[in-house]
Each structure stands twice: as C-alpha cells, then as structure tokens.
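Here is my_file12.cif, consisting of mmCIF, C-alpha atoms and all ligand atoms; chains and numbers go by the auth columns:
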```cif
data_work
#
loop_
_atom_site.group_PDB
_atom_site.id
_atom_site.type_symbol
_atom_site.label_atom_id
_atom_site.label_comp_id
_atom_site.label_asym_id
_atom_site.label_seq_id
_atom_site.Cartn_x
_atom_site.Cartn_y
_atom_site.Cartn_z
_atom_site.B_iso_or_equiv
_atom_site.auth_seq_id
_atom_site.auth_asym_id
ATOM 1 C CA MET A 1 -28.658 -3.671 -6.279 0.00 196 N
ATOM 2 C CA ARG A 2 -28.329 -0.120 -5.080 0.00 197 N
ATOM 3 C CA ARG A 3 -24.923 0.836 -3.770 0.00 198 N
ATOM 4 C CA PRO A 4 -25.183 2.086 -0.172 0.00 199 N
ATOM 5 C CA LEU A 5 -24.147 5.650 0.573 0.00 200 N
ATOM 6 C CA VAL A 6 -23.085 6.936 3.968 0.00 201 N
ATOM 7 C CA ALA A 7 -23.009 10.726 4.086 0.00 202 N
ATOM 8 C CA GLY A 8 -21.867 12.948 6.931 0.00 203 N
ATOM 9 C CA ASN A 9 -23.599 16.304 7.351 0.00 204 N
ATOM 10 C CA TRP A 10 -21.270 18.384 9.502 0.00 205 N
ATOM 11 C CA LYS A 11 -23.839 21.195 9.776 0.00 206 N
ATOM 12 C CA MET A 12 -22.507 24.475 11.231 0.00 207 N
ATOM 13 C CA HIS A 13 -19.613 22.801 13.005 0.00 208 N
ATOM 14 C CA GLY A 14 -15.863 23.101 12.721 0.00 209 N
ATOM 15 C CA THR A 15 -12.883 25.367 12.888 0.00 210 N
ATOM 16 C CA ARG A 16 -9.852 25.053 10.630 0.00 211 N
ATOM 17 C CA ALA A 17 -8.122 23.159 13.429 0.00 212 N
ATOM 18 C CA SER A 18 -10.979 20.769 14.245 0.00 213 N
ATOM 19 C CA VAL A 19 -11.614 20.140 10.545 0.00 214 N
ATOM 20 C CA ALA A 20 -7.917 19.274 10.092 0.00 215 N
ATOM 21 C CA GLU A 21 -8.253 16.735 12.930 0.00 216 N
ATOM 22 C CA LEU A 22 -11.387 15.236 11.416 0.00 217 N
ATOM 23 C CA ILE A 23 -9.723 14.948 7.995 0.00 218 N
ATOM 24 C CA LYS A 24 -6.812 13.141 9.620 0.00 219 N
ATOM 25 C CA GLY A 25 -9.217 10.690 11.255 0.00 220 N
ATOM 26 C CA LEU A 26 -11.136 10.121 8.016 0.00 221 N
ATOM 27 C CA ARG A 27 -7.938 9.513 6.064 0.00 222 N
ATOM 28 C CA HIS A 28 -7.071 6.706 8.466 0.00 223 N
ATOM 29 C CA LEU A 29 -10.375 4.881 8.036 0.00 224 N
ATOM 30 C CA ALA A 30 -10.375 1.574 6.227 0.00 225 N
ATOM 31 C CA LEU A 31 -13.598 1.849 4.245 0.00 226 N
ATOM 32 C CA PRO A 32 -15.506 -1.230 3.143 0.00 227 N
ATOM 33 C CA ALA A 33 -15.691 -2.004 -0.560 0.00 228 N
ATOM 34 C CA GLY A 34 -19.009 -1.608 -2.312 0.00 229 N
ATOM 35 C CA ILE A 35 -20.246 1.549 -0.606 0.00 230 N
ATOM 36 C CA ASP A 36 -20.015 5.258 -1.354 0.00 231 N
ATOM 37 C CA VAL A 37 -19.011 7.768 1.304 0.00 232 N
ATOM 38 C CA ALA A 38 -19.499 11.526 1.262 0.00 233 N
ATOM 39 C CA VAL A 39 -19.051 14.403 3.673 0.00 234 N
ATOM 40 C CA PHE A 40 -20.777 17.783 3.706 0.00 235 N
ATOM 41 C CA PRO A 41 -18.664 20.358 5.557 0.00 236 N
ATOM 42 C CA SER A 42 -19.598 23.999 6.011 0.00 237 N
ATOM 43 C CA CYS A 43 -18.971 26.026 2.868 0.00 238 N
ATOM 44 C CA LEU A 44 -16.031 27.700 4.535 0.00 239 N
ATOM 45 C CA HIS A 45 -14.198 24.382 4.903 0.00 240 N
ATOM 46 C CA ILE A 46 -15.036 22.761 1.564 0.00 241 N
ATOM 47 C CA ALA A 47 -11.696 23.641 -0.049 0.00 242 N
ATOM 48 C CA GLN A 48 -9.787 22.454 3.017 0.00 243 N
ATOM 49 C CA VAL A 49 -11.670 19.143 3.040 0.00 244 N
ATOM 50 C CA ILE A 50 -11.307 18.529 -0.702 0.00 245 N
ATOM 51 C CA ALA A 51 -7.558 19.131 -0.466 0.00 246 N
ATOM 52 C CA GLY A 52 -7.252 17.085 2.725 0.00 247 N
ATOM 53 C CA LEU A 53 -9.141 14.075 1.347 0.00 248 N
ATOM 54 C CA GLU A 54 -7.311 13.988 -1.970 0.00 249 N
ATOM 55 C CA GLY A 55 -6.761 10.396 -3.008 0.00 250 N
ATOM 56 C CA LYS A 56 -9.328 9.115 -0.480 0.00 251 N
ATOM 57 C CA ALA A 57 -12.524 7.673 -1.962 0.00 252 N
ATOM 58 C CA MET A 58 -14.854 10.182 -0.327 0.00 253 N
ATOM 59 C CA ALA A 59 -16.987 12.700 -2.171 0.00 254 N
ATOM 60 C CA VAL A 60 -17.428 16.186 -0.794 0.00 255 N
ATOM 61 C CA GLY A 61 -20.679 18.091 -0.981 0.00 256 N
ATOM 62 C CA ALA A 62 -22.232 21.338 0.216 0.00 257 N
ATOM 63 C CA GLN A 63 -25.104 21.751 2.659 0.00 258 N
ATOM 64 C CA ASN A 64 -26.991 24.301 0.595 0.00 259 N
ATOM 65 C CA CYS A 65 -26.828 26.217 -2.675 0.00 260 N
ATOM 66 C CA ALA A 66 -28.365 29.247 -4.338 0.00 261 N
ATOM 67 C CA VAL A 67 -31.559 29.009 -6.397 0.00 262 N
ATOM 68 C CA GLU A 68 -29.663 30.361 -9.407 0.00 263 N
ATOM 69 C CA PRO A 69 -27.120 28.048 -11.018 0.00 264 N
ATOM 70 C CA MET A 70 -24.615 30.646 -12.165 0.00 265 N
ATOM 71 C CA GLN A 71 -22.668 33.256 -10.245 0.00 266 N
ATOM 72 C CA GLY A 72 -24.172 36.735 -10.067 0.00 267 N
ATOM 73 C CA ALA A 73 -25.520 39.420 -7.766 0.00 268 N
ATOM 74 C CA LEU A 74 -26.902 37.333 -4.889 0.00 269 N
ATOM 75 C CA THR A 75 -25.218 38.471 -1.709 0.00 270 N
ATOM 76 C CA GLY A 76 -24.386 35.774 0.804 0.00 271 N
ATOM 77 C CA GLU A 77 -25.298 32.834 -1.430 0.00 272 N
ATOM 78 C CA VAL A 78 -23.081 30.288 -3.168 0.00 273 N
ATOM 79 C CA ALA A 79 -23.937 29.250 -6.723 0.00 274 N
ATOM 80 C CA PRO A 80 -24.043 25.554 -7.610 0.00 275 N
ATOM 81 C CA SER A 81 -21.605 26.339 -10.440 0.00 276 N
ATOM 82 C CA GLN A 82 -19.172 27.704 -7.831 0.00 277 N
ATOM 83 C CA LEU A 83 -19.586 24.548 -5.748 0.00 278 N
ATOM 84 C CA ALA A 84 -18.901 22.388 -8.800 0.00 279 N
ATOM 85 C CA ASP A 85 -15.882 24.516 -9.641 0.00 280 N
ATOM 86 C CA ALA A 86 -14.582 24.014 -6.081 0.00 281 N
ATOM 87 C CA GLY A 87 -14.797 20.242 -6.545 0.00 282 N
ATOM 88 C CA CYS A 88 -18.109 19.441 -4.866 0.00 283 N
ATOM 89 C CA ARG A 89 -20.042 16.530 -6.297 0.00 284 N
ATOM 90 C CA MET A 90 -23.281 16.761 -4.298 0.00 285 N
ATOM 91 C CA VAL A 91 -25.430 19.242 -2.429 0.00 286 N
ATOM 92 C CA LEU A 92 -28.098 18.875 0.251 0.00 287 N
ATOM 93 C CA VAL A 93 -31.360 20.614 -0.586 0.00 288 N
ATOM 94 C CA GLY A 94 -34.317 21.122 1.717 0.00 289 N
ATOM 95 C CA HIS A 95 -32.731 20.028 4.966 0.00 290 N
ATOM 96 C CA SER A 96 -35.347 20.405 7.720 0.00 291 N
ATOM 97 C CA GLU A 97 -33.182 22.939 9.550 0.00 292 N
ATOM 98 C CA ARG A 98 -33.332 25.145 6.456 0.00 293 N
ATOM 99 C CA ARG A 99 -37.052 24.523 5.974 0.00 294 N
ATOM 100 C CA GLN A 100 -37.806 25.347 9.609 0.00 295 N
ATOM 101 C CA ILE A 101 -35.244 27.986 10.581 0.00 296 N
ATOM 102 C CA MET A 102 -34.612 29.677 7.234 0.00 297 N
ATOM 103 C CA GLY A 103 -38.198 29.306 6.011 0.00 298 N
ATOM 104 C CA GLU A 104 -37.358 27.428 2.818 0.00 299 N
ATOM 105 C CA ARG A 105 -40.460 26.323 0.950 0.00 300 N
ATOM 106 C CA ASP A 106 -40.988 23.428 -1.453 0.00 301 N
ATOM 107 C CA GLU A 107 -40.962 25.721 -4.482 0.00 302 N
ATOM 108 C CA MET A 108 -37.575 27.191 -3.536 0.00 303 N
ATOM 109 C CA ILE A 109 -36.197 23.733 -2.851 0.00 304 N
ATOM 110 C CA SER A 110 -37.244 22.594 -6.355 0.00 305 N
ATOM 111 C CA ARG A 111 -35.343 25.529 -7.827 0.00 306 N
ATOM 112 C CA LYS A 112 -32.207 24.643 -5.846 0.00 307 N
ATOM 113 C CA PHE A 113 -32.554 21.001 -6.924 0.00 308 N
ATOM 114 C CA ALA A 114 -32.764 22.034 -10.585 0.00 309 N
ATOM 115 C CA ALA A 115 -29.959 24.576 -10.303 0.00 310 N
ATOM 116 C CA ALA A 116 -27.690 21.964 -8.732 0.00 311 N
ATOM 117 C CA GLN A 117 -28.409 19.393 -11.435 0.00 312 N
ATOM 118 C CA SER A 118 -27.818 21.902 -14.195 0.00 313 N
ATOM 119 C CA CYS A 119 -24.257 22.279 -12.848 0.00 314 N
ATOM 120 C CA GLY A 120 -23.640 18.540 -12.658 0.00 315 N
ATOM 121 C CA LEU A 121 -24.109 18.275 -8.892 0.00 316 N
ATOM 122 C CA VAL A 122 -26.161 15.444 -7.412 0.00 317 N
ATOM 123 C CA PRO A 123 -28.888 16.926 -5.197 0.00 318 N
ATOM 124 C CA VAL A 124 -29.771 15.123 -1.977 0.00 319 N
ATOM 125 C CA LEU A 125 -33.410 16.053 -1.374 0.00 320 N
ATOM 126 C CA CYS A 126 -34.202 15.972 2.342 0.00 321 N
ATOM 127 C CA VAL A 127 -37.773 15.302 3.411 0.00 322 N
ATOM 128 C CA GLY A 128 -39.390 14.534 6.746 0.00 323 N
ATOM 129 C CA GLU A 129 -42.273 15.215 9.100 0.00 324 N
ATOM 130 C CA THR A 130 -42.415 16.939 12.479 0.00 325 N
ATOM 131 C CA LEU A 131 -43.529 15.130 15.613 0.00 326 N
ATOM 132 C CA GLU A 132 -46.852 16.941 15.477 0.00 327 N
ATOM 133 C CA GLN A 133 -47.408 15.800 11.895 0.00 328 N
ATOM 134 C CA ARG A 134 -46.484 12.202 12.778 0.00 329 N
ATOM 135 C CA GLU A 135 -48.813 12.189 15.756 0.00 330 N
ATOM 136 C CA ALA A 136 -51.601 13.530 13.543 0.00 331 N
ATOM 137 C CA GLY A 137 -51.065 10.578 11.187 0.00 332 N
ATOM 138 C CA LYS A 138 -49.839 12.869 8.407 0.00 333 N
ATOM 139 C CA THR A 139 -46.326 11.500 7.825 0.00 334 N
ATOM 140 C CA ILE A 140 -46.884 9.996 4.385 0.00 335 N
ATOM 141 C CA GLU A 141 -48.942 12.983 3.269 0.00 336 N
ATOM 142 C CA VAL A 142 -46.270 15.500 4.356 0.00 337 N
ATOM 143 C CA VAL A 143 -43.355 13.583 2.876 0.00 338 N
ATOM 144 C CA GLY A 144 -45.414 12.908 -0.247 0.00 339 N
ATOM 145 C CA ARG A 145 -46.038 16.610 -0.714 0.00 340 N
ATOM 146 C CA GLN A 146 -42.354 17.515 -0.231 0.00 341 N
ATOM 147 C CA LEU A 147 -41.321 14.898 -2.788 0.00 342 N
ATOM 148 C CA GLY A 148 -44.305 15.554 -5.034 0.00 343 N
ATOM 149 C CA THR A 149 -43.444 19.214 -5.542 0.00 344 N
ATOM 150 C CA VAL A 150 -40.073 18.296 -7.044 0.00 345 N
ATOM 151 C CA ILE A 151 -41.645 15.566 -9.206 0.00 346 N
ATOM 152 C CA GLU A 152 -44.279 18.018 -10.465 0.00 347 N
ATOM 153 C CA ASP A 153 -41.812 20.838 -11.080 0.00 348 N
ATOM 154 C CA LEU A 154 -38.962 18.865 -12.631 0.00 349 N
ATOM 155 C CA GLY A 155 -40.414 15.508 -13.665 0.00 350 N
ATOM 156 C CA VAL A 156 -39.626 12.112 -12.192 0.00 351 N
ATOM 157 C CA GLY A 157 -36.619 11.828 -14.540 0.00 352 N
ATOM 158 C CA ALA A 158 -34.816 14.327 -12.304 0.00 353 N
ATOM 159 C CA PHE A 159 -34.474 11.517 -9.754 0.00 354 N
ATOM 160 C CA ALA A 160 -32.340 9.460 -12.131 0.00 355 N
ATOM 161 C CA SER A 161 -29.387 11.481 -10.847 0.00 356 N
ATOM 162 C CA ALA A 162 -30.465 12.487 -7.375 0.00 357 N
ATOM 163 C CA ILE A 163 -30.681 11.047 -3.889 0.00 358 N
ATOM 164 C CA VAL A 164 -33.512 11.292 -1.367 0.00 359 N
ATOM 165 C CA ALA A 165 -32.949 11.492 2.386 0.00 360 N
ATOM 166 C CA TYR A 166 -35.799 10.764 4.772 0.00 361 N
ATOM 167 C CA GLU A 167 -35.120 12.582 8.012 0.00 362 N
ATOM 168 C CA PRO A 168 -37.963 12.714 10.522 0.00 363 N
ATOM 169 C CA VAL A 169 -37.576 16.087 12.230 0.00 364 N
ATOM 170 C CA TRP A 170 -38.294 14.581 15.657 0.00 365 N
ATOM 171 C CA ALA A 171 -35.328 12.225 15.263 0.00 366 N
ATOM 172 C CA ILE A 172 -32.742 14.857 14.311 0.00 367 N
ATOM 173 C CA GLY A 173 -30.252 15.609 17.040 0.00 368 N
ATOM 174 C CA THR A 174 -32.633 14.262 19.674 0.00 369 N
ATOM 175 C CA GLY A 175 -31.219 10.798 20.238 0.00 370 N
ATOM 176 C CA LEU A 176 -34.630 9.453 19.189 0.00 371 N
ATOM 177 C CA THR A 177 -34.269 7.246 16.133 0.00 372 N
ATOM 178 C CA ALA A 178 -37.112 6.025 13.979 0.00 373 N
ATOM 179 C CA THR A 179 -37.395 2.279 14.392 0.00 374 N
ATOM 180 C CA PRO A 180 -36.232 0.350 11.341 0.00 375 N
ATOM 181 C CA GLU A 181 -39.886 -0.471 10.648 0.00 376 N
ATOM 182 C CA GLN A 182 -41.018 3.173 10.925 0.00 377 N
ATOM 183 C CA ALA A 183 -38.251 4.276 8.589 0.00 378 N
ATOM 184 C CA GLN A 184 -38.845 1.428 6.134 0.00 379 N
ATOM 185 C CA GLU A 185 -42.532 2.306 5.895 0.00 380 N
ATOM 186 C CA VAL A 186 -41.728 5.855 4.776 0.00 381 N
ATOM 187 C CA HIS A 187 -38.872 4.787 2.482 0.00 382 N
ATOM 188 C CA ALA A 188 -41.209 2.306 0.779 0.00 383 N
ATOM 189 C CA ALA A 189 -43.839 5.044 0.356 0.00 384 N
ATOM 190 C CA ILE A 190 -41.237 7.371 -1.206 0.00 385 N
ATOM 191 C CA ARG A 191 -40.182 4.649 -3.620 0.00 386 N
ATOM 192 C CA ALA A 192 -43.800 3.806 -4.448 0.00 387 N
ATOM 193 C CA GLN A 193 -44.537 7.463 -5.208 0.00 388 N
ATOM 194 C CA LEU A 194 -41.621 7.548 -7.644 0.00 389 N
ATOM 195 C CA ALA A 195 -42.579 4.125 -9.058 0.00 390 N
ATOM 196 C CA ALA A 196 -46.049 5.394 -9.891 0.00 391 N
ATOM 197 C CA GLU A 197 -44.306 7.681 -12.404 0.00 392 N
ATOM 198 C CA ASN A 198 -41.313 5.605 -13.450 0.00 393 N
ATOM 199 C CA GLY A 199 -40.462 2.125 -12.176 0.00 394 N
ATOM 200 C CA GLU A 200 -36.857 2.159 -13.239 0.00 395 N
ATOM 201 C CA VAL A 201 -36.079 5.500 -11.615 0.00 396 N
ATOM 202 C CA ALA A 202 -37.740 4.275 -8.409 0.00 397 N
ATOM 203 C CA ARG A 203 -35.769 1.029 -8.378 0.00 398 N
ATOM 204 C CA LYS A 204 -32.457 2.797 -8.817 0.00 399 N
ATOM 205 C CA VAL A 205 -32.791 5.866 -6.611 0.00 400 N
ATOM 206 C CA ARG A 206 -30.988 5.748 -3.285 0.00 401 N
ATOM 207 C CA ILE A 207 -33.058 6.711 -0.242 0.00 402 N
ATOM 208 C CA LEU A 208 -31.021 7.486 2.874 0.00 403 N
ATOM 209 C CA TYR A 209 -32.276 7.564 6.438 0.00 404 N
ATOM 210 C CA GLY A 210 -31.184 10.376 8.767 0.00 405 N
ATOM 211 C CA GLY A 211 -31.935 11.130 12.385 0.00 406 N
ATOM 212 C CA SER A 212 -29.733 10.098 15.313 0.00 407 N
ATOM 213 C CA VAL A 213 -27.967 7.362 13.346 0.00 408 N
ATOM 214 C CA LYS A 214 -24.958 6.023 15.216 0.00 409 N
ATOM 215 C CA ALA A 215 -22.759 2.950 15.083 0.00 410 N
ATOM 216 C CA ALA A 216 -25.043 1.190 17.577 0.00 411 N
ATOM 217 C CA ASN A 217 -28.217 1.449 15.461 0.00 412 N
ATOM 218 C CA ALA A 218 -26.911 1.746 11.897 0.00 413 N
ATOM 219 C CA ALA A 219 -26.829 -1.939 10.989 0.00 414 N
ATOM 220 C CA GLU A 220 -30.473 -2.618 11.863 0.00 415 N
ATOM 221 C CA LEU A 221 -31.599 0.413 9.840 0.00 416 N
ATOM 222 C CA PHE A 222 -29.400 -0.414 6.834 0.00 417 N
ATOM 223 C CA ARG A 223 -30.762 -3.966 6.802 0.00 418 N
ATOM 224 C CA MET A 224 -34.207 -2.731 5.714 0.00 419 N
ATOM 225 C CA PRO A 225 -34.925 -3.278 2.005 0.00 420 N
ATOM 226 C CA ASP A 226 -35.593 0.352 1.061 0.00 421 N
ATOM 227 C CA ILE A 227 -32.933 1.992 3.251 0.00 422 N
ATOM 228 C CA ASP A 228 -29.869 2.557 1.095 0.00 423 N
ATOM 229 C CA GLY A 229 -27.595 4.190 3.635 0.00 424 N
ATOM 230 C CA GLY A 230 -27.624 7.122 5.995 0.00 425 N
ATOM 231 C CA LEU A 231 -27.304 10.863 6.317 0.00 426 N
ATOM 232 C CA ILE A 232 -25.434 11.268 9.566 0.00 427 N
ATOM 233 C CA GLY A 233 -25.287 14.456 11.629 0.00 428 N
ATOM 234 C CA GLY A 234 -23.654 14.467 15.058 0.00 429 N
ATOM 235 C CA ALA A 235 -22.014 11.051 14.743 0.00 430 N
ATOM 236 C CA SER A 236 -20.242 12.115 11.538 0.00 431 N
ATOM 237 C CA LEU A 237 -18.104 14.586 13.513 0.00 432 N
ATOM 238 C CA ASN A 238 -16.268 11.662 15.075 0.00 433 N
ATOM 239 C CA ALA A 239 -14.179 9.817 12.492 0.00 434 N
ATOM 240 C CA ASP A 240 -14.168 6.501 14.356 0.00 435 N
ATOM 241 C CA GLU A 241 -17.916 6.522 14.885 0.00 436 N
ATOM 242 C CA PHE A 242 -18.458 7.536 11.245 0.00 437 N
ATOM 243 C CA GLY A 243 -16.137 4.736 10.159 0.00 438 N
ATOM 244 C CA ALA A 244 -18.125 2.220 12.182 0.00 439 N
ATOM 245 C CA ILE A 245 -21.344 3.411 10.492 0.00 440 N
ATOM 246 C CA CYS A 246 -19.648 2.989 7.092 0.00 441 N
ATOM 247 C CA ARG A 247 -18.695 -0.560 8.038 0.00 442 N
ATOM 248 C CA ALA A 248 -22.311 -1.276 9.029 0.00 443 N
ATOM 249 C CA ALA A 249 -23.358 -0.184 5.531 0.00 444 N
ATOM 250 C CA GLY A 250 -20.757 -2.421 3.959 0.00 445 N
ATOM 251 C CA SER A 251 -21.678 -5.593 5.797 0.00 446 N
HETATM 252 P P1 LIG B . -28.276 13.778 13.696 0.00 501 E
HETATM 253 O O1 LIG B . -27.600 12.545 13.165 0.00 501 E
HETATM 254 O O2 LIG B . -27.359 14.625 14.529 0.00 501 E
HETATM 255 O O3 LIG B . -29.570 13.448 14.378 0.00 501 E
HETATM 256 O O4 LIG B . -28.643 14.700 12.429 0.00 501 E
HETATM 257 C C1 LIG B . -29.280 14.133 11.336 0.00 501 E
HETATM 258 C C2 LIG B . -29.273 15.117 10.224 0.00 501 E
HETATM 259 O O5 LIG B . -29.956 16.129 10.271 0.00 501 E
HETATM 260 C C3 LIG B . -28.406 14.863 9.068 0.00 501 E
HETATM 261 O O6 LIG B . -28.692 15.723 8.022 0.00 501 E
#
```
What does this structure look like when you write it as structure tokens?
Ligand code: 13P
Amino acid sequence: MRRPLVAGNWKMHGTRASVAELIKGLRHLALPAGIDVAVFPSCLHIAQVIAGLEGKAMAVGAQNCAVEPMQGALTGEVAPSQLADAGCRMVLVGHSERRQIMGERDEMISRKFAAAQSCGLVPVLCVGETLEQREAGKTIEVVGRQLGTVIEDLGVGAFASAIVAYEPVWAIGTGLTATPEQAQEVHAAIRAQLAAENGEVARKVRILYGGSVKAANAAELFRMPDIDGGLIGGASLNADEFGAICRAAGS
C-alpha cells in the first residue's frame, strides 16, 4: 500500500508573525499514524519553519528551485543543494502558477526535477490542464505530455523517488474541485503511463490531488484508489483545517 501524503503549499503567503502562528497551530495537531505530512513555505520562511517544527513529524519543502543543482552565479534563484543544506526534503516543480505566470516550460521543469534529485530532494512534479484544455477533451493528452517530457528526459526510474501532483488549473483557488471520479480518471491515466514503462515504479509512486481541497471534500477524494493524498493550497494556511484534511487521509 502507498502511504498517503498530505502536503501544504503556502504559496506567496506569510509574514514572520503569521508563520509563527501557523507553526504554533501545526505543532498542536494530533496527526494520524500511517500518513506523511509536509509543508512548503515561501523560501524566506523555510528556516523559521524547520526550526519551529523541530521534533514534529512534518517534512519541509520548497516551492521552486534553480535548474542548476549547485550554488553559483544565478541571481535570484535558490539551488537545490542550498535547499537540502537548509533542511528541506522535497521541492515542488512545475506548479501551474509557475508554468502560467513565470512561463516555465516542460524542458525547464525536467531540469529542475533532475537538479533536485541530484541533491537528494524529492521532487513533486505538478501537472494539470486548463479549463479550455479540459473542455476541448485534451486533459489526458496535456497531462500525458507534461509527465512524458520528464519520463523521456530522465527515464521512468526517476519516479522511484518522486511524487506526482495532479492539479487541474481550473480547480486551483477557485473553490471548484474536480469530482472524485474526474480526479481518479486522470490519476489512473498518470499511473498507466508510468506502468507502460515500469510496473513497479507505477505501483509505488504517490499521486496527489490538488485544487480546492478542504476538510469537507478531502475524504471522498482520498477514498479513490489512485489518489494518494493531497497538495493543499488555501486550506493549508489554517492549521485546524489542514489537520482535519490530514485526519481524512489517515482514516
Ligand atoms: P488551492 O487548494 O488553494 O486551490 O490550491 C491548490 C494548489 O495549487 C496547491 O499547490
């Protein structure tokens, strides 16, 4: 069985004071056994969160990393080796906000994925279609291409120590959630694409769902056979709500 993972993507939110409050709330949570929990604060707050969550079974990750693994002349970027040195264990790559707003392309995302792995970080590859693409019946094709680029560039073996997150763009921050059946269909297609290359990797890889997940809809999503947890945006900024989503993953 795959161990569920609930991950909170804090996006570009937080001040030192609000992050301190959130850490306090997270420290108080009674987490269910048998699941993994991670949070992804802004880079600026990573050190604060790692120190604040010391002794709590929660991994900390970054929301982005440079295409080059090692430190060097790359103004404004953070190297995966620096993230690992800071105590990060994971990093999001290819979040739709970075694809859409920062213009990140599949080829660049593959490089970030590889750079992260070379520093011992677990990449969380985010994939997902826009509303227009869904309405044109292109969901599986679009997600397949996003995933396929990384498989082609790095080989399916790269997914033995990686996580995939399916986040339909139309469901992010909109309050619209994919139905459990809509999400399951795409998760199954992602797993099948990996299975076509390597059955064992496909069986073991965790595929998270993201897009307006909250305590009220988490359980029905997590019940689907190929949904192995969630990547939570807005609801992860509230410790109690995040805790309730973690409990849904543990039940
Ligand atoms: P919301 O949960 O706010 O819709 O965001 C999802 C997301 O983008 C997580 O990475």
Show me a table, sorted first by chain and then by increasing residue number, of the residues of chain N having an atom at most 9 Å from ligand LIG 501 (chain E), each with its shortest atom pair and the distance in Å to one decimal, counting all atoms listed in the file and written as a Markdown table.
```
| residue | atom | partner | partner_atom | distance |
| --- | --- | --- | --- | --- |
| N:Ala202 | CA | E:LIG501 | C3 | 8.4 |
| N:Gly203 | CA | E:LIG501 | C3 | 7.1 |
| N:Asn204 | CA | E:LIG501 | O6 | 5.2 |
| N:Trp205 | CA | E:LIG501 | C3 | 8.0 |
| N:Lys206 | CA | E:LIG501 | O6 | 7.5 |
| N:Gln258 | CA | E:LIG501 | O6 | 8.8 |
| N:Leu287 | CA | E:LIG501 | O6 | 8.4 |
| N:His290 | CA | E:LIG501 | O6 | 6.6 |
| N:Ser291 | CA | E:LIG501 | O5 | 7.3 |
| N:Glu292 | CA | E:LIG501 | O5 | 7.6 |
| N:Cys321 | CA | E:LIG501 | O6 | 7.9 |
| N:Ala360 | CA | E:LIG501 | O6 | 8.2 |
| N:Glu362 | CA | E:LIG501 | O5 | 6.7 |
| N:Pro363 | CA | E:LIG501 | O5 | 8.7 |
| N:Val364 | CA | E:LIG501 | O5 | 7.9 |
| N:Trp365 | CA | E:LIG501 | O3 | 8.9 |
| N:Ala366 | CA | E:LIG501 | O3 | 6.0 |
| N:Ile367 | CA | E:LIG501 | O3 | 3.5 |
| N:Gly368 | CA | E:LIG501 | O3 | 3.5 |
| N:Thr369 | CA | E:LIG501 | O3 | 6.2 |
| N:Gly370 | CA | E:LIG501 | O3 | 6.6 |
| N:Leu371 | CA | E:LIG501 | O3 | 8.0 |
| N:Thr372 | CA | E:LIG501 | O3 | 8.0 |
| N:Tyr404 | CA | E:LIG501 | C3 | 8.7 |
| N:Gly405 | CA | E:LIG501 | C1 | 4.9 |
| N:Gly406 | CA | E:LIG501 | O3 | 3.9 |
| N:Ser407 | CA | E:LIG501 | O3 | 3.5 |
| N:Val408 | CA | E:LIG501 | O1 | 5.2 |
| N:Lys409 | CA | E:LIG501 | O1 | 7.3 |
| N:Gly425 | CA | E:LIG501 | C3 | 8.4 |
| N:Leu426 | CA | E:LIG501 | C3 | 5.0 |
| N:Ile427 | CA | E:LIG501 | O1 | 4.4 |
| N:Gly428 | CA | E:LIG501 | O1 | 3.4 |
| N:Gly429 | CA | E:LIG501 | O2 | 3.7 |
| N:Ala430 | CA | E:LIG501 | O1 | 6.0 |
| N:Ser431 | CA | E:LIG501 | O1 | 7.5 |
```
Using only C-alpha atoms, please write the residues we just selected to a file, as a PDB file, in the coordinates of the input.
```pdb
ATOM      1  CA  ALA N 202     -23.009  10.726   4.086  1.00  0.00           C
ATOM      2  CA  GLY N 203     -21.867  12.948   6.931  1.00  0.00           C
ATOM      3  CA  ASN N 204     -23.599  16.304   7.351  1.00  0.00           C
ATOM      4  CA  TRP N 205     -21.270  18.384   9.502  1.00  0.00           C
ATOM      5  CA  LYS N 206     -23.839  21.195   9.776  1.00  0.00           C
ATOM      6  CA  GLN N 258     -25.104  21.751   2.659  1.00  0.00           C
ATOM      7  CA  LEU N 287     -28.098  18.875   0.251  1.00  0.00           C
ATOM      8  CA  HIS N 290     -32.731  20.028   4.966  1.00  0.00           C
ATOM      9  CA  SER N 291     -35.347  20.405   7.720  1.00  0.00           C
ATOM     10  CA  GLU N 292     -33.182  22.939   9.550  1.00  0.00           C
ATOM     11  CA  CYS N 321     -34.202  15.972   2.342  1.00  0.00           C
ATOM     12  CA  ALA N 360     -32.949  11.492   2.386  1.00  0.00           C
ATOM     13  CA  GLU N 362     -35.120  12.582   8.012  1.00  0.00           C
ATOM     14  CA  PRO N 363     -37.963  12.714  10.522  1.00  0.00           C
ATOM     15  CA  VAL N 364     -37.576  16.087  12.230  1.00  0.00           C
ATOM     16  CA  TRP N 365     -38.294  14.581  15.657  1.00  0.00           C
ATOM     17  CA  ALA N 366     -35.328  12.225  15.263  1.00  0.00           C
ATOM     18  CA  ILE N 367     -32.742  14.857  14.311  1.00  0.00           C
ATOM     19  CA  GLY N 368     -30.252  15.609  17.040  1.00  0.00           C
ATOM     20  CA  THR N 369     -32.633  14.262  19.674  1.00  0.00           C
ATOM     21  CA  GLY N 370     -31.219  10.798  20.238  1.00  0.00           C
ATOM     22  CA  LEU N 371     -34.630   9.453  19.189  1.00  0.00           C
ATOM     23  CA  THR N 372     -34.269   7.246  16.133  1.00  0.00           C
ATOM     24  CA  TYR N 404     -32.276   7.564   6.438  1.00  0.00           C
ATOM     25  CA  GLY N 405     -31.184  10.376   8.767  1.00  0.00           C
ATOM     26  CA  GLY N 406     -31.935  11.130  12.385  1.00  0.00           C
ATOM     27  CA  SER N 407     -29.733  10.098  15.313  1.00  0.00           C
ATOM     28  CA  VAL N 408     -27.967   7.362  13.346  1.00  0.00           C
ATOM     29  CA  LYS N 409     -24.958   6.023  15.216  1.00  0.00           C
ATOM     30  CA  GLY N 425     -27.624   7.122   5.995  1.00  0.00           C
ATOM     31  CA  LEU N 426     -27.304  10.863   6.317  1.00  0.00           C
ATOM     32  CA  ILE N 427     -25.434  11.268   9.566  1.00  0.00           C
ATOM     33  CA  GLY N 428     -25.287  14.456  11.629  1.00  0.00           C
ATOM     34  CA  GLY N 429     -23.654  14.467  15.058  1.00  0.00           C
ATOM     35  CA  ALA N 430     -22.014  11.051  14.743  1.00  0.00           C
ATOM     36  CA  SER N 431     -20.242  12.115  11.538  1.00  0.00           C
TER      37      SER N 431
END
```
Atom pair atom CA of N:Val244 / atom CA of N:Val319: separation (Å):
19.2 Å
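The residues caught by the PyMOL selection byres (((chain N and resi 359) around 7) and not hetatm) in this file are N:Val319, N:Leu320, N:Cys321, N:Ala357, N:Ile358, N:Ala360, N:Tyr361, N:Arg401, N:Ile402, N:Leu403.
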Report, in Å with one decimal, the straight-line distance from atom CA of N:Leu239 to atom CA of N:Val286.
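Taking atom CA of N:Leu239 as the start and atom CA of N:Val286 as the end point, the length is 14.4 Å.
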Name the residues that the PyMOL selection byres (((chain N and resi 266-281) around 7) and not hetatm) pulls out of this structure, and write them as a list in words.
Ala242, Cys260, Ala261, Glu263, Pro264, Met265, Gly282, Cys283, Arg284, Ala310, Ala311, Cys314 and Leu316 of chain N
One decimal, in Å: what's the spacing between atom CA of N:Ile335 and atom CA of N:Val317?
24.5 Å
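For the set N:Ala410, N:Ser313, N:Arg418, N:Thr344, the residue with the smallest atom-to-atom gap to N:Asn433 is N:Ala410, counting all atoms listed in the file.
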For each of N:Lys251, N:Arg198, N:His240, N:Arg293, take the minimum atom-to-atom distance to N:Lys219, counting all atoms listed in the file, then give the residue where this is smallest.
N:Lys251
